[in-house]
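Beneath this line is the structure, given in structure tokens, with notes to follow.
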Amino acid sequence: MHSYYRFYNPIFTSVCFIGVLSITISSVIADERDDALRAAKQATRFLTDSVSTEGGYLWRYSSDLSLREGEGVITTETVWTQPPGTPSVGEAFVRLYKATGDQQFLDAALAAAESLRRGQMRSGGWQAHIEFEPSLRSKWAYRIDPARSKAKDQSSLDDDKTQSAIRFLIHLDQALEFKHEAIHEMTTYALHGLIEQGQLANGGFPQVYSLSSDKPATDKPATTATSSARYPSTWPREYPGHREYWNQYTLNDNLATDLMKVFFLAHDVYQDDQYQAAALRLADSLLLTQMPAPQPAWAQQYNQDLEPIWARKFEPPAISGGESQSVIETLMAVYQRTGEKKYLNAVEPALDYLQKSELPDGRLARFYELKTNRPLYFTREYELTYSDADCPTHYGFQIGSRVDSLRNRYERLRTDTWKANKRPGVSRSAAPTSKQVAKIVSELDHRGVWVTNSGLRYHNYQGAVIEMQVAVSNLNSLAAFLAE
């Protein structure tokens with residue numbers, strides 16, 4: 001009787017059911033983790049064994065690996081630094097190593113770092129690509145190579161090149177507990193070069209910096225720390241030539257945002273105040289370069305007097321809708337970290353200006369004429385015009401407006417009690433769901449690679465390709481899932 005009662009006791013039965021259910025769920029989770037780890041290891045093996053060149057990566061490959069490209073057709077022993085190239089792939093390996101402790105991922109990350117070591121410039125940064133063929137390599141002033149009088153030393157901050165490399169190396173250095181001498185030295189050398197050779201007197205940065213034999217380390221471009229942005233009395237309506245614009249103060253392509261992430265990450269990892277100080281000098285330069293009324297926003301490019309200037313033939317002196325939104329985001333991130341109201345105070349007039357400047361369809365023009373605020377465009381022959389009827393297709397002359405979302409964030413910051421955010425503007429990606437992971441795993445082919453049908457732009461090739469952007473995204477998703 002007693003046994004019969006126990007067997008049919010609802011509470012006892014529920015406990016048994018929950019126990020069995022817990023065991024079942026645990027088994028399912030374990031199986032999902034095993035599948036995710038197996039996929040990550042298979043994909044990493046294919047990348048390191050079949051895709052990489054000297055430990056580094058390009059942007060895209062045909063599925064059979066016969067065609068390769070970065071920002072152009074590649075037929076030589078070359079790898080790409082600019083994302084989603086070598087640093088992006090390397091950082092995904094680091095995340096996988098941190099999530100699993102698996103040596104395979106660390107070895108893959110170290111190979112990518114060695115590729116960067118062989119491509120580091122004497123000034124400490126990186127160009128868009130790294131050459132390994134001797135005939136091409138001799139043109140560049142790589143730090144590990146013998147000095148050559150005519151070799152180019154160009155550390156580029158355009159399109160997140162040097163910044164992405166440094167971020168990857170900081171994460172790798174941290175994962176190695178700062179015990180790998182070559183990695184640690186390369187990383188700190190890059191950071192010091194960024195500050196000593198790259199940062200201008202007013203805290204901003206040019207697109208390219210260098211260390212030449214006839215330039216002392218303390219020599220800086222002439223932009224001063226006290227000048228503020230101003231409108232030029234006049235400016236040429238026809239392109240006057242490049243005039244080495246890359247040596248002047250620039251905000252193009254999220255340069256300040258990417259640099260701020262580097263400095264804040266370096267400060268958090270190394271606990272060295274010089275990196276926080278460099279970040280705040282950069283933030284102060286954003287205040288200096290905010291244009292006065294009637295356009296309290298930002299240009300892409302400035303001269304030494306902080307007047308907007310021409311850059312490329314389709315980038316005139318103008319207020320930039322794109323760069324201004326990026327700067328606003330950066331200033332709010334700095335406020336989140338520091339609590340200094342001066343960074344937040346610059347945001348509201350810029351948002352008001354951008355909102356009034358929105359086009360009828362709700363977008364923003366990339367360029368607004370100085371003072372008149374008329375949208376500026378180019379014809380296919382690169383003639384400056386007010387009409388968007390005949391624009392070149394390689395460049396976005398109209399862009400999406402994020403003013404509403406930026407204003408919402410601004411209002412929250414303005415009304416909330418300030419609390420320090422150690423990672424301003426850097427949100428941790430949410431771990432993917434089991435369903436999303438299953439999809440990533442299922443799309444891996446028998447070799448261990450994700451293939452898309454996006455084609456190769458520079459080869460004019462329509463067919464199956466291996467895209468590093470896809471590989472990086474999927475590896476990061478698997479790392480986030482395995483880290484849970």
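Each chain in the structure tokens gets a letter, A, B and so on, in the order shown; residues start at 1 in every chain, and ligands are counted from 1 in the order they appear.
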Going by DSSP on the backbone, which bits of stretch 55-266 of chain A are strand (DSSP E or B)? Write them as a PyMOL selection string, please. chain A and resi 56+60-62+68-70+72-73+78-80+121+129-131+140+142+152+155-156+206+208-209+249-250
Neighbour list for stretch 388-400 of chain A as JSON, numbers by chain, cut-off 10 Å, only C-alpha atoms, skip fewer than 4 positions in-chain: {"A": [314, 315, 320, 321, 322, 358, 359, 361, 362, 363, 364, 365, 366, 367, 375, 376, 377, 378, 379, 380, 381, 382, 383, 384]}
What lies within 8 Å of stretch 410-421 of chain A using only C-alpha atoms, ignoring chain neighbours under 4 positions off, as an NGL selection string? :A and (332 or 336-339 or 344 or 347-348 or 406)
Can you list every residue in stretch 306-466 of chain A that DSSP puts in helix (DSSP H, G or I), as a VMD selection string? chain A and resid 321 to 338 341 to 345 347 to 356 403 to 415 434 to 442
With a distance cut-off of 9 Å and only C-alpha atoms, select the neighbouring residues of stretch 248-250 of chain A, excluding the residue or stretch itself and same-chain residues fewer than 3 positions from it, and output the selection as a list in words. Leu200, Gly204, Phe205, Pro206, Gln207, Val208, Pro221, Thr223, Glu244, Tyr245, Leu255, Ala256, Ala299, Gln300, Gln301, Tyr302, Asn303, Gln304 and Leu306 of chain A
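Residues surrounding A:Val437 within 10 Å are Glu32, Arg33, Asp35, Ala36, Ala39, Ala431, Pro432, Thr433, Val441, Ser442, Glu443, Asn474, Ser477, Leu478 and Phe481 of chain A [only C-alpha atoms; sequence separation below 4 positions excluded].
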Would you please work out which residue, of A:Ser210, A:Ser149, A:Ser155, A:Ser50, is nearest to A:Ser63 when using only C-alpha atoms?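 Going through A:Ser210, A:Ser149, A:Ser155, A:Ser50 one by one, the smallest distance to A:Ser63 is for A:Ser50.
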Between A:Leu191, A:Met291, A:Ala464, A:Val79, single out the one closest to A:Tyr275, counting only C-alpha atoms.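 Result for the nearest residue to A:Tyr275: A:Leu191.
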Choose the residue, out of A:Gln325, A:Thr75, A:Thr44, A:Gln82, that has the smallest atom-to-atom separation from A:Trp59; count only C-alpha atoms. A:Gln82
Excluding same-chain residues fewer than 3 positions from A:Pro232, what lies within 10 Å of it counting only C-alpha atoms, as an NGL selection string? :A and (229 or 235 or 305-309 or 317 or 370)
Export of prior selection with all heavy atoms as a PDB file, in the first residue's frame:
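Listing of again-v8.pdb after writing:
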ATOM      1  N   ALA A 229      37.465  75.417 -35.096  1.00  0.00           N
ATOM      2  CA  ALA A 229      37.039  75.333 -36.492  1.00  0.00           C
ATOM      3  C   ALA A 229      36.415  76.643 -36.952  1.00  0.00           C
ATOM      4  O   ALA A 229      35.757  77.346 -36.184  1.00  0.00           O
ATOM      5  CB  ALA A 229      36.046  74.186 -36.648  1.00  0.00           C
ATOM      6  N   TRP A 235      36.413  79.062 -51.079  1.00  0.00           N
ATOM      7  CA  TRP A 235      36.992  77.746 -51.353  1.00  0.00           C
ATOM      8  C   TRP A 235      36.741  77.374 -52.812  1.00  0.00           C
ATOM      9  O   TRP A 235      35.741  77.791 -53.414  1.00  0.00           O
ATOM     10  CB  TRP A 235      36.427  76.683 -50.411  1.00  0.00           C
ATOM     11  CG  TRP A 235      34.935  76.521 -50.386  1.00  0.00           C
ATOM     12  CD1 TRP A 235      34.045  77.227 -49.643  1.00  0.00           C
ATOM     13  CD2 TRP A 235      34.164  75.570 -51.147  1.00  0.00           C
ATOM     14  NE1 TRP A 235      32.765  76.799 -49.871  1.00  0.00           N
ATOM     15  CE2 TRP A 235      32.810  75.769 -50.784  1.00  0.00           C
ATOM     16  CE3 TRP A 235      34.474  74.568 -52.069  1.00  0.00           C
ATOM     17  CZ2 TRP A 235      31.773  75.016 -51.334  1.00  0.00           C
ATOM     18  CZ3 TRP A 235      33.445  73.820 -52.619  1.00  0.00           C
ATOM     19  CH2 TRP A 235      32.111  74.041 -52.250  1.00  0.00           C
ATOM     20  N   ASP A 305      44.396  75.252 -40.133  1.00  0.00           N
ATOM     21  CA  ASP A 305      43.621  76.289 -39.452  1.00  0.00           C
ATOM     22  C   ASP A 305      42.227  75.808 -39.068  1.00  0.00           C
ATOM     23  O   ASP A 305      41.374  76.603 -38.666  1.00  0.00           O
ATOM     24  CB  ASP A 305      43.502  77.530 -40.357  1.00  0.00           C
ATOM     25  CG  ASP A 305      44.857  78.164 -40.622  1.00  0.00           C
ATOM     26  OD1 ASP A 305      45.654  78.261 -39.664  1.00  0.00           O
ATOM     27  OD2 ASP A 305      45.119  78.544 -41.781  1.00  0.00           O
ATOM     28  N   LEU A 306      42.007  74.501 -39.215  1.00  0.00           N
ATOM     29  CA  LEU A 306      40.714  73.874 -38.929  1.00  0.00           C
ATOM     30  C   LEU A 306      39.588  74.468 -39.768  1.00  0.00           C
ATOM     31  O   LEU A 306      38.473  74.701 -39.299  1.00  0.00           O
ATOM     32  CB  LEU A 306      40.389  73.935 -37.437  1.00  0.00           C
ATOM     33  CG  LEU A 306      41.298  73.078 -36.535  1.00  0.00           C
ATOM     34  CD1 LEU A 306      40.770  73.046 -35.109  1.00  0.00           C
ATOM     35  CD2 LEU A 306      41.461  71.654 -37.062  1.00  0.00           C
ATOM     36  N   GLU A 307      39.896  74.683 -41.034  1.00  0.00           N
ATOM     37  CA  GLU A 307      38.896  75.033 -42.041  1.00  0.00           C
ATOM     38  C   GLU A 307      38.624  73.803 -42.892  1.00  0.00           C
ATOM     39  O   GLU A 307      39.557  73.083 -43.269  1.00  0.00           O
ATOM     40  CB  GLU A 307      39.403  76.161 -42.941  1.00  0.00           C
ATOM     41  CG  GLU A 307      39.679  77.460 -42.216  1.00  0.00           C
ATOM     42  CD  GLU A 307      40.367  78.473 -43.116  1.00  0.00           C
ATOM     43  OE1 GLU A 307      40.995  78.053 -44.130  1.00  0.00           O
ATOM     44  OE2 GLU A 307      40.286  79.674 -42.815  1.00  0.00           O
ATOM     45  N   PRO A 308      37.363  73.516 -43.227  1.00  0.00           N
ATOM     46  CA  PRO A 308      37.064  72.379 -44.101  1.00  0.00           C
ATOM     47  C   PRO A 308      37.765  72.517 -45.454  1.00  0.00           C
ATOM     48  O   PRO A 308      37.833  73.617 -46.013  1.00  0.00           O
ATOM     49  CB  PRO A 308      35.542  72.445 -44.261  1.00  0.00           C
ATOM     50  CG  PRO A 308      35.069  73.137 -43.018  1.00  0.00           C
ATOM     51  CD  PRO A 308      36.138  74.159 -42.712  1.00  0.00           C
ATOM     52  N   ILE A 309      38.298  71.390 -45.944  1.00  0.00           N
ATOM     53  CA  ILE A 309      39.046  71.393 -47.210  1.00  0.00           C
ATOM     54  C   ILE A 309      38.636  70.196 -48.064  1.00  0.00           C
ATOM     55  O   ILE A 309      37.958  69.281 -47.600  1.00  0.00           O
ATOM     56  CB  ILE A 309      40.569  71.332 -46.973  1.00  0.00           C
ATOM     57  CG1 ILE A 309      40.930  70.065 -46.162  1.00  0.00           C
ATOM     58  CG2 ILE A 309      41.069  72.600 -46.293  1.00  0.00           C
ATOM     59  CD1 ILE A 309      42.418  69.800 -46.057  1.00  0.00           C
ATOM     60  N   PRO A 317      35.002  70.596 -49.498  1.00  0.00           N
ATOM     61  CA  PRO A 317      34.845  71.254 -48.199  1.00  0.00           C
ATOM     62  C   PRO A 317      33.353  71.375 -47.904  1.00  0.00           C
ATOM     63  O   PRO A 317      32.607  71.983 -48.677  1.00  0.00           O
ATOM     64  CB  PRO A 317      35.477  72.629 -48.419  1.00  0.00           C
ATOM     65  CG  PRO A 317      36.327  72.489 -49.635  1.00  0.00           C
ATOM     66  CD  PRO A 317      35.655  71.461 -50.488  1.00  0.00           C
ATOM     67  N   LEU A 370      28.905  74.793 -47.251  1.00  0.00           N
ATOM     68  CA  LEU A 370      29.241  75.636 -46.116  1.00  0.00           C
ATOM     69  C   LEU A 370      28.373  76.892 -46.109  1.00  0.00           C
ATOM     70  O   LEU A 370      28.200  77.559 -47.127  1.00  0.00           O
ATOM     71  CB  LEU A 370      30.717  76.014 -46.162  1.00  0.00           C
ATOM     72  CG  LEU A 370      31.706  74.836 -46.073  1.00  0.00           C
ATOM     73  CD1 LEU A 370      33.146  75.325 -46.223  1.00  0.00           C
ATOM     74  CD2 LEU A 370      31.537  74.059 -44.768  1.00  0.00           C
TER      75      LEU A 370
END
